[in-house]
>>> print(open('target_28.txt').read())   # compact mmCIF, C-alpha atoms
# COMPACT_ATOMS: atom_id res chain seq x y z
CA MET U 1 0.97 -21.66 -15.96
CA ARG U 2 3.89 -19.23 -16.28
CA ARG U 3 6.11 -18.95 -13.22
CA LEU U 4 7.31 -15.68 -11.74
CA GLN U 5 10.29 -14.29 -13.63
CA TRP U 6 12.79 -12.51 -11.41
CA GLY U 7 14.41 -9.35 -12.72
CA PRO U 8 17.50 -7.43 -11.59
CA GLU U 9 16.17 -7.21 -8.04
CA ARG U 10 16.32 -10.98 -7.48
CA VAL U 11 17.38 -11.78 -3.94
CA SER U 12 19.89 -14.43 -2.99
CA THR U 13 18.44 -15.38 0.39
CA SER U 14 15.88 -18.16 0.78
CA THR U 15 13.14 -15.87 2.11
CA PHE U 16 12.34 -12.16 1.88
CA ARG U 17 9.81 -9.65 3.24
CA ALA U 18 6.91 -9.08 0.91
CA PHE U 19 3.45 -7.60 0.65
CA LEU U 20 0.56 -7.41 -1.80
CA GLY U 21 -0.90 -4.01 -2.55
CA LEU U 22 -2.51 -1.62 -4.99
CA PRO U 23 -0.11 0.37 -7.19
CA LEU U 24 -1.06 4.02 -7.68
CA PRO U 25 -0.84 6.20 -10.81
CA GLU U 26 2.08 8.62 -10.98
CA ARG U 27 -0.17 11.70 -10.75
CA ILE U 28 -1.77 10.38 -7.55
CA ARG U 29 1.63 9.68 -6.03
CA ALA U 30 2.57 13.30 -6.84
CA THR U 31 -0.56 14.49 -5.01
CA LEU U 32 0.39 12.40 -1.98
CA ALA U 33 3.84 13.99 -1.96
CA ASP U 34 2.08 17.38 -1.85
CA TYR U 35 0.12 16.15 1.19
CA GLN U 36 3.42 15.76 3.07
CA VAL U 37 4.44 19.40 2.54
CA PRO U 38 2.37 21.07 5.33
CA PHE U 39 3.80 18.63 7.88
CA GLN U 40 7.34 19.21 6.66
CA ALA U 41 6.81 22.99 6.76
CA ALA U 42 5.54 22.67 10.35
CA GLY U 43 8.84 21.07 11.37
CA VAL U 44 7.58 17.52 11.87
CA ARG U 45 10.50 15.08 12.10
CA ALA U 46 9.56 11.80 10.49
CA SER U 47 10.52 9.02 8.11
CA TRP U 48 8.91 10.32 4.93
CA VAL U 49 7.63 7.77 2.45
CA PRO U 50 9.30 8.44 -0.93
CA THR U 51 6.94 9.29 -3.77
CA GLU U 52 7.75 6.07 -5.62
CA ASN U 53 6.79 3.99 -2.55
CA PHE U 54 3.20 5.16 -2.17
CA HIS U 55 0.69 2.30 -2.39
CA VAL U 56 -2.32 0.78 -0.63
CA THR U 57 -1.33 -2.37 1.28
CA LEU U 58 -3.76 -5.27 0.94
CA SER U 59 -1.81 -8.00 2.77
CA PHE U 60 1.57 -7.92 4.49
CA LEU U 61 3.09 -11.36 4.00
CA GLY U 62 6.12 -11.21 6.27
CA ASN U 63 9.00 -13.43 5.13
CA ILE U 64 8.08 -15.73 2.26
CA SER U 65 10.01 -18.24 0.18
CA HIS U 66 10.48 -18.39 -3.58
CA ASP U 67 8.35 -21.55 -3.62
CA GLN U 68 5.52 -19.62 -2.00
CA VAL U 69 5.91 -16.84 -4.56
CA ALA U 70 5.65 -19.43 -7.33
CA ALA U 71 2.48 -20.76 -5.70
CA LEU U 72 1.05 -17.23 -5.63
CA ASP U 73 1.91 -16.84 -9.28
CA ASP U 74 0.01 -20.04 -10.05
CA THR U 75 -3.04 -19.06 -8.00
CA LEU U 76 -3.58 -15.31 -8.14
CA PRO U 77 -4.02 -14.59 -11.87
CA ALA U 78 -7.20 -16.66 -12.31
CA THR U 79 -8.70 -15.57 -8.99
CA LEU U 80 -7.97 -11.84 -9.24
CA SER U 81 -9.24 -11.69 -12.81
CA THR U 82 -12.73 -12.20 -11.35
CA HIS U 83 -12.47 -9.10 -9.10
CA ASP U 84 -13.47 -5.78 -10.65
CA ALA U 85 -10.93 -2.99 -11.07
CA LEU U 86 -11.20 -0.30 -8.39
CA HIS U 87 -12.26 3.31 -8.86
CA LEU U 88 -10.83 5.34 -5.98
CA ARG U 89 -10.08 8.82 -4.71
CA LEU U 90 -7.81 10.07 -1.94
CA ASP U 91 -9.77 11.04 1.15
CA THR U 92 -9.35 12.51 4.64
CA LEU U 93 -5.95 12.51 6.35
CA GLY U 94 -5.61 10.66 9.64
CA ALA U 95 -3.18 9.00 12.02
CA PHE U 96 -2.66 5.69 13.79
CA PRO U 97 -3.37 5.11 16.62
CA ASN U 98 -4.96 8.60 16.78
CA PRO U 99 -4.17 12.23 15.84
CA ARG U 100 -3.06 13.17 19.39
CA LYS U 101 -0.54 10.32 19.63
CA PRO U 102 0.41 9.76 16.00
CA ALA U 103 2.78 6.99 15.01
CA VAL U 104 1.75 6.81 11.33
CA VAL U 105 0.07 9.56 9.30
CA TRP U 106 -1.91 8.49 6.26
CA SER U 107 -4.33 9.49 3.54
CA GLY U 108 -7.59 7.62 3.47
CA VAL U 109 -9.05 6.19 0.27
CA GLU U 110 -12.62 6.78 -0.83
CA ILE U 111 -14.15 3.86 -2.73
CA LEU U 112 -16.14 4.99 -5.76
CA GLN U 113 -16.49 1.60 -7.44
CA GLY U 114 -15.28 -1.91 -6.71
CA ASP U 115 -14.72 -3.66 -3.38
CA PRO U 116 -11.20 -3.62 -1.88
CA VAL U 117 -12.51 -5.24 1.31
CA ALA U 118 -13.72 -8.29 -0.66
CA LEU U 119 -10.38 -8.28 -2.49
CA HIS U 120 -8.52 -8.31 0.83
CA ARG U 121 -10.73 -11.14 2.08
CA THR U 122 -10.03 -13.20 -1.05
CA LEU U 123 -6.30 -12.70 -0.65
CA SER U 124 -6.47 -13.73 3.01
CA GLU U 125 -8.16 -17.00 2.07
CA ILE U 126 -5.58 -17.73 -0.64
CA LEU U 127 -2.67 -16.95 1.68
CA ALA U 128 -4.08 -19.20 4.40
CA ASP U 129 -4.39 -22.07 1.90
CA LEU U 130 -0.75 -21.56 0.89
CA GLY U 131 0.47 -21.49 4.50
CA ILE U 132 1.44 -17.81 4.37
CA LEU U 133 0.65 -16.15 7.69
CA GLU U 134 -0.24 -12.55 6.86
CA GLU U 135 -0.22 -9.79 9.44
CA ARG U 136 -3.52 -9.84 11.31
CA ARG U 137 -5.12 -6.42 11.74
CA ALA U 138 -8.37 -4.75 10.73
CA PHE U 139 -8.22 -3.80 7.07
CA GLN U 140 -8.57 -0.06 6.41
CA PRO U 141 -7.53 1.08 2.91
CA HIS U 142 -5.02 3.93 3.26
CA VAL U 143 -1.72 5.27 1.97
CA THR U 144 1.04 5.88 4.52
CA LEU U 145 2.56 9.37 4.21
CA PHE U 146 5.14 9.18 6.98
CA ARG U 147 6.10 7.47 10.23
CA MET U 148 6.83 9.62 13.25
CA ARG U 149 10.15 9.75 14.99
CA ARG U 150 9.17 9.21 18.60
CA GLY U 151 8.25 12.39 20.43
CA HIS U 152 9.17 14.78 17.60
CA GLY U 153 6.36 17.06 16.46
CA THR U 154 3.22 15.32 17.69
CA GLY U 155 1.60 18.69 18.41
CA ALA U 156 2.42 19.94 14.92
CA VAL U 157 0.89 16.81 13.42
CA ALA U 158 -2.35 17.36 15.33
CA ARG U 159 -2.48 21.02 14.22
CA CYS U 160 -1.91 20.07 10.58
CA LEU U 161 -4.63 17.41 10.75
CA ASP U 162 -7.01 20.01 12.24
CA ALA U 163 -6.21 22.52 9.48
CA PRO U 164 -8.54 23.04 6.50
CA ALA U 165 -8.71 20.02 4.24
CA LEU U 166 -6.26 19.69 1.39
CA PRO U 167 -7.64 19.92 -2.15
CA ASP U 168 -9.51 16.84 -3.32
CA SER U 169 -7.59 14.45 -5.51
CA ASP U 170 -8.72 13.30 -8.91
CA ALA U 171 -10.50 9.96 -9.08
CA PHE U 172 -8.35 7.15 -10.43
CA TRP U 173 -8.53 3.51 -11.44
CA VAL U 174 -6.43 0.62 -10.14
CA ASP U 175 -6.58 -2.43 -12.38
CA SER U 176 -3.99 -4.73 -10.79
CA VAL U 177 -2.60 -6.08 -7.53
CA ALA U 178 1.17 -5.94 -7.19
CA LEU U 179 3.63 -8.10 -5.27
CA TRP U 180 6.44 -6.08 -3.68
CA ARG U 181 9.63 -7.06 -1.92
CA SER U 182 10.35 -4.86 1.10
CA GLU U 183 14.01 -4.32 1.93
CA LEU U 184 14.70 -2.68 5.30
CA ARG U 185 17.42 -0.04 5.18
CA ARG U 186 18.73 2.51 7.65
CA GLY U 187 17.05 5.38 5.80
CA GLY U 188 13.74 3.54 5.48
CA ALA U 189 12.31 0.61 3.56
CA ALA U 190 12.99 0.22 -0.16
CA TYR U 191 10.24 -1.45 -2.20
CA HIS U 192 10.79 -3.44 -5.38
CA ARG U 193 7.75 -4.29 -7.46
CA LEU U 194 8.18 -7.88 -8.62
CA LYS U 195 4.91 -8.78 -10.28
CA GLU U 196 1.45 -7.43 -11.15
CA TYR U 197 -1.72 -9.50 -11.35
CA PRO U 198 -4.51 -7.89 -13.42
CA LEU U 199 -7.98 -7.34 -12.04
CA LYS U 200 -11.14 -7.62 -14.12
CA CYS U 201 -11.57 -4.52 -16.26
CA LEU U 202 -14.91 -2.82 -16.00
CA PRO U 203 -16.80 -2.07 -19.23
CA SER U 204 -16.33 1.42 -20.64
CA THR U 205 -19.11 3.87 -19.85
>>> encode(input="target_28.txt", output="structure tokens")
Amino acid sequence: MRRLQWGPERVSTSTFRAFLGLPLPERIRATLADYQVPFQAAGVRASWVPTENFHVTLSFLGNISHDQVAALDDTLPATLSTHDALHLRLDTLGAFPNPRKPAVVWSGVEILQGDPVALHRTLSEILADLGILEERRAFQPHVTLFRMRRGHGTGAVARCLDAPALPDSDAFWVDSVALWRSELRRGGAAYHRLKEYPLKCLPST
């Protein structure tokens, strides 16, 4: 089976931070950028996720080696090809841990077709078999919009979340799982998409 081919973003260190997630269409990423605007206009100070970084995380892998990436590349294609593509729509905005003490503000994801929870469970089993210790937390499909700077604008965030709902997004399909490298920088994380593994395409209707 073909091994992972590294492009211009190849790293020189033995391990790197990585995660598996759902890539989003450009038009949906543009909608998510619009969702940030009311918070910015309200004076919220935060680390804003760049438009190109929007995604739905399935599994955060922590630091992994190139050998482990090669093992993923050998294992994931056949397994993920049995999971149906996902039909989704952006949903209600929310915050972790809660709207009154927000650390992360996000857009939820409504599931119209497919099963991202089963997909997450499959990935967890594969990662455990490969000795990759993913971050352990309850899986809730969402897209991070921004991360708060401590103590700056929590009241404004709560007011924005209580405001009338933003316009509904279009429904969209996701037909692959992507492997990203996450590079921590002073201005925020930079993500480099290294590989995509196709999901099973649903028949046309």
>>> closest_residue(input="target_28.txt", among="U:Trp106, U:Trp180, U:Phe39, U:Trp173", to="Leu88 (chain U)", atoms="all atoms listed in the file")
U:Trp173
>>> closest_residue(input="target_28.txt", among="U:Lys195, U:His142, U:His120, U:Arg29", to="Ser107 (chain U)", atoms="only C-alpha atoms")
U:His142
>>> closest_residue(input="target_28.txt", among="U:Val157, U:Val56, U:Leu199, U:Ile64", to="Gly114 (chain U)", atoms="only C-alpha atoms")
U:Leu199
>>> atom_distance(input="target_28.txt", atom1="CA of Glu196 (chain U)", atom2="CA of Phe172 (chain U)")
17.6 Å
>>> residues_near_point(input="target_28.txt", point="(-4.2, -2.1, -16.2)", cutoff="8 Å", atoms="only C-alpha atoms", output="PyMOL selection string")
chain U and resi 174-176+198-199+201
>>> atom_distance(input="target_28.txt", atom1="CA of Gly131 (chain U)", atom2="CA of Val117 (chain U)")
21.0 Å
>>> atom_distance(input="target_28.txt", atom1="CA of Leu184 (chain U)", atom2="CA of Thr15 (chain U)")
13.7 Å
>>> decode(input="target_28.txt", residues="region 68-151 of chain U", atoms="C-alpha atoms", output="PDB file, in the first residue's frame")
ATOM      1  CA  GLN U  68       2.979   6.112  13.169  1.00  0.00           C
ATOM      2  CA  VAL U  69       1.842   8.280  10.274  1.00  0.00           C
ATOM      3  CA  ALA U  70       2.938   5.554   7.865  1.00  0.00           C
ATOM      4  CA  ALA U  71       0.935   3.045   9.911  1.00  0.00           C
ATOM      5  CA  LEU U  72      -2.113   5.302   9.674  1.00  0.00           C
ATOM      6  CA  ASP U  73      -1.630   5.537   5.946  1.00  0.00           C
ATOM      7  CA  ASP U  74      -1.595   1.748   5.727  1.00  0.00           C
ATOM      8  CA  THR U  75      -4.685   1.311   7.908  1.00  0.00           C
ATOM      9  CA  LEU U  76      -7.098   4.182   7.366  1.00  0.00           C
ATOM     10  CA  PRO U  77      -7.896   4.014   3.631  1.00  0.00           C
ATOM     11  CA  ALA U  78      -9.537   0.573   3.715  1.00  0.00           C
ATOM     12  CA  THR U  79     -11.345   1.214   6.996  1.00  0.00           C
ATOM     13  CA  LEU U  80     -12.662   4.703   6.237  1.00  0.00           C
ATOM     14  CA  SER U  81     -13.867   3.653   2.800  1.00  0.00           C
ATOM     15  CA  THR U  82     -16.571   1.642   4.608  1.00  0.00           C
ATOM     16  CA  HIS U  83     -17.938   4.734   6.434  1.00  0.00           C
ATOM     17  CA  ASP U  84     -20.529   6.804   4.592  1.00  0.00           C
ATOM     18  CA  ALA U  85     -19.817  10.397   3.624  1.00  0.00           C
ATOM     19  CA  LEU U  86     -21.415  12.936   5.970  1.00  0.00           C
ATOM     20  CA  HIS U  87     -24.208  15.372   5.164  1.00  0.00           C
ATOM     21  CA  LEU U  88     -24.006  18.243   7.652  1.00  0.00           C
ATOM     22  CA  ARG U  89     -25.161  21.766   8.417  1.00  0.00           C
ATOM     23  CA  LEU U  90     -23.840  24.385  10.816  1.00  0.00           C
ATOM     24  CA  ASP U  91     -25.988  24.658  13.921  1.00  0.00           C
ATOM     25  CA  THR U  92     -26.346  26.636  17.159  1.00  0.00           C
ATOM     26  CA  LEU U  93     -23.427  28.631  18.560  1.00  0.00           C
ATOM     27  CA  GLY U  94     -22.136  27.719  22.006  1.00  0.00           C
ATOM     28  CA  ALA U  95     -19.168  27.914  24.356  1.00  0.00           C
ATOM     29  CA  PHE U  96     -16.986  25.646  26.452  1.00  0.00           C
ATOM     30  CA  PRO U  97     -17.254  25.212  29.388  1.00  0.00           C
ATOM     31  CA  ASN U  98     -20.427  27.366  29.265  1.00  0.00           C
ATOM     32  CA  PRO U  99     -21.647  30.705  27.832  1.00  0.00           C
ATOM     33  CA  ARG U 100     -21.151  32.591  31.128  1.00  0.00           C
ATOM     34  CA  LYS U 101     -17.514  31.512  31.493  1.00  0.00           C
ATOM     35  CA  PRO U 102     -16.453  30.987  27.889  1.00  0.00           C
ATOM     36  CA  ALA U 103     -13.000  29.718  27.030  1.00  0.00           C
ATOM     37  CA  VAL U 104     -13.826  28.498  23.505  1.00  0.00           C
ATOM     38  CA  VAL U 105     -16.714  29.658  21.311  1.00  0.00           C
ATOM     39  CA  TRP U 106     -17.888  27.285  18.604  1.00  0.00           C
ATOM     40  CA  SER U 107     -20.500  26.491  16.005  1.00  0.00           C
ATOM     41  CA  GLY U 108     -22.317  23.224  16.442  1.00  0.00           C
ATOM     42  CA  VAL U 109     -22.852  20.798  13.575  1.00  0.00           C
ATOM     43  CA  GLU U 110     -26.229  19.308  12.722  1.00  0.00           C
ATOM     44  CA  ILE U 111     -26.036  15.771  11.322  1.00  0.00           C
ATOM     45  CA  LEU U 112     -28.352  15.258   8.366  1.00  0.00           C
ATOM     46  CA  GLN U 113     -26.916  11.962   7.145  1.00  0.00           C
ATOM     47  CA  GLY U 114     -24.041   9.726   8.184  1.00  0.00           C
ATOM     48  CA  ASP U 115     -22.621   9.019  11.637  1.00  0.00           C
ATOM     49  CA  PRO U 116     -19.619  11.081  12.807  1.00  0.00           C
ATOM     50  CA  VAL U 117     -19.855   9.509  16.278  1.00  0.00           C
ATOM     51  CA  ALA U 118     -19.327   6.025  14.790  1.00  0.00           C
ATOM     52  CA  LEU U 119     -16.503   7.473  12.697  1.00  0.00           C
ATOM     53  CA  HIS U 120     -14.858   8.893  15.817  1.00  0.00           C
ATOM     54  CA  ARG U 121     -15.255   5.550  17.592  1.00  0.00           C
ATOM     55  CA  THR U 122     -13.626   3.698  14.681  1.00  0.00           C
ATOM     56  CA  LEU U 123     -10.691   6.100  14.688  1.00  0.00           C
ATOM     57  CA  SER U 124     -10.266   5.684  18.454  1.00  0.00           C
ATOM     58  CA  GLU U 125     -10.015   1.912  18.056  1.00  0.00           C
ATOM     59  CA  ILE U 126      -7.462   2.219  15.247  1.00  0.00           C
ATOM     60  CA  LEU U 127      -5.363   4.711  17.194  1.00  0.00           C
ATOM     61  CA  ALA U 128      -5.359   2.490  20.276  1.00  0.00           C
ATOM     62  CA  ASP U 129      -4.161  -0.468  18.170  1.00  0.00           C
ATOM     63  CA  LEU U 130      -1.332   1.679  16.804  1.00  0.00           C
ATOM     64  CA  GLY U 131      -0.280   2.894  20.257  1.00  0.00           C
ATOM     65  CA  ILE U 132      -1.375   6.488  19.601  1.00  0.00           C
ATOM     66  CA  LEU U 133      -2.872   7.979  22.754  1.00  0.00           C
ATOM     67  CA  GLU U 134      -5.507  10.444  21.583  1.00  0.00           C
ATOM     68  CA  GLU U 135      -6.897  13.162  23.797  1.00  0.00           C
ATOM     69  CA  ARG U 136      -9.675  11.706  25.936  1.00  0.00           C
ATOM     70  CA  ARG U 137     -12.813  13.837  26.092  1.00  0.00           C
ATOM     71  CA  ALA U 138     -16.467  13.440  25.176  1.00  0.00           C
ATOM     72  CA  PHE U 139     -16.872  13.776  21.421  1.00  0.00           C
ATOM     73  CA  GLN U 140     -19.128  16.659  20.357  1.00  0.00           C
ATOM     74  CA  PRO U 141     -18.870  17.648  16.668  1.00  0.00           C
ATOM     75  CA  HIS U 142     -18.207  21.391  16.454  1.00  0.00           C
ATOM     76  CA  VAL U 143     -16.093  24.030  14.737  1.00  0.00           C
ATOM     77  CA  THR U 144     -14.034  26.341  16.946  1.00  0.00           C
ATOM     78  CA  LEU U 145     -14.547  30.027  16.082  1.00  0.00           C
ATOM     79  CA  PHE U 146     -12.210  31.595  18.628  1.00  0.00           C
ATOM     80  CA  ARG U 147     -10.469  31.114  21.964  1.00  0.00           C
ATOM     81  CA  MET U 148     -10.928  33.761  24.625  1.00  0.00           C
ATOM     82  CA  ARG U 149      -8.138  35.830  26.047  1.00  0.00           C
ATOM     83  CA  ARG U 150      -8.654  35.401  29.771  1.00  0.00           C
ATOM     84  CA  GLY U 151     -11.077  37.888  31.271  1.00  0.00           C
TER      85      GLY U 151
END
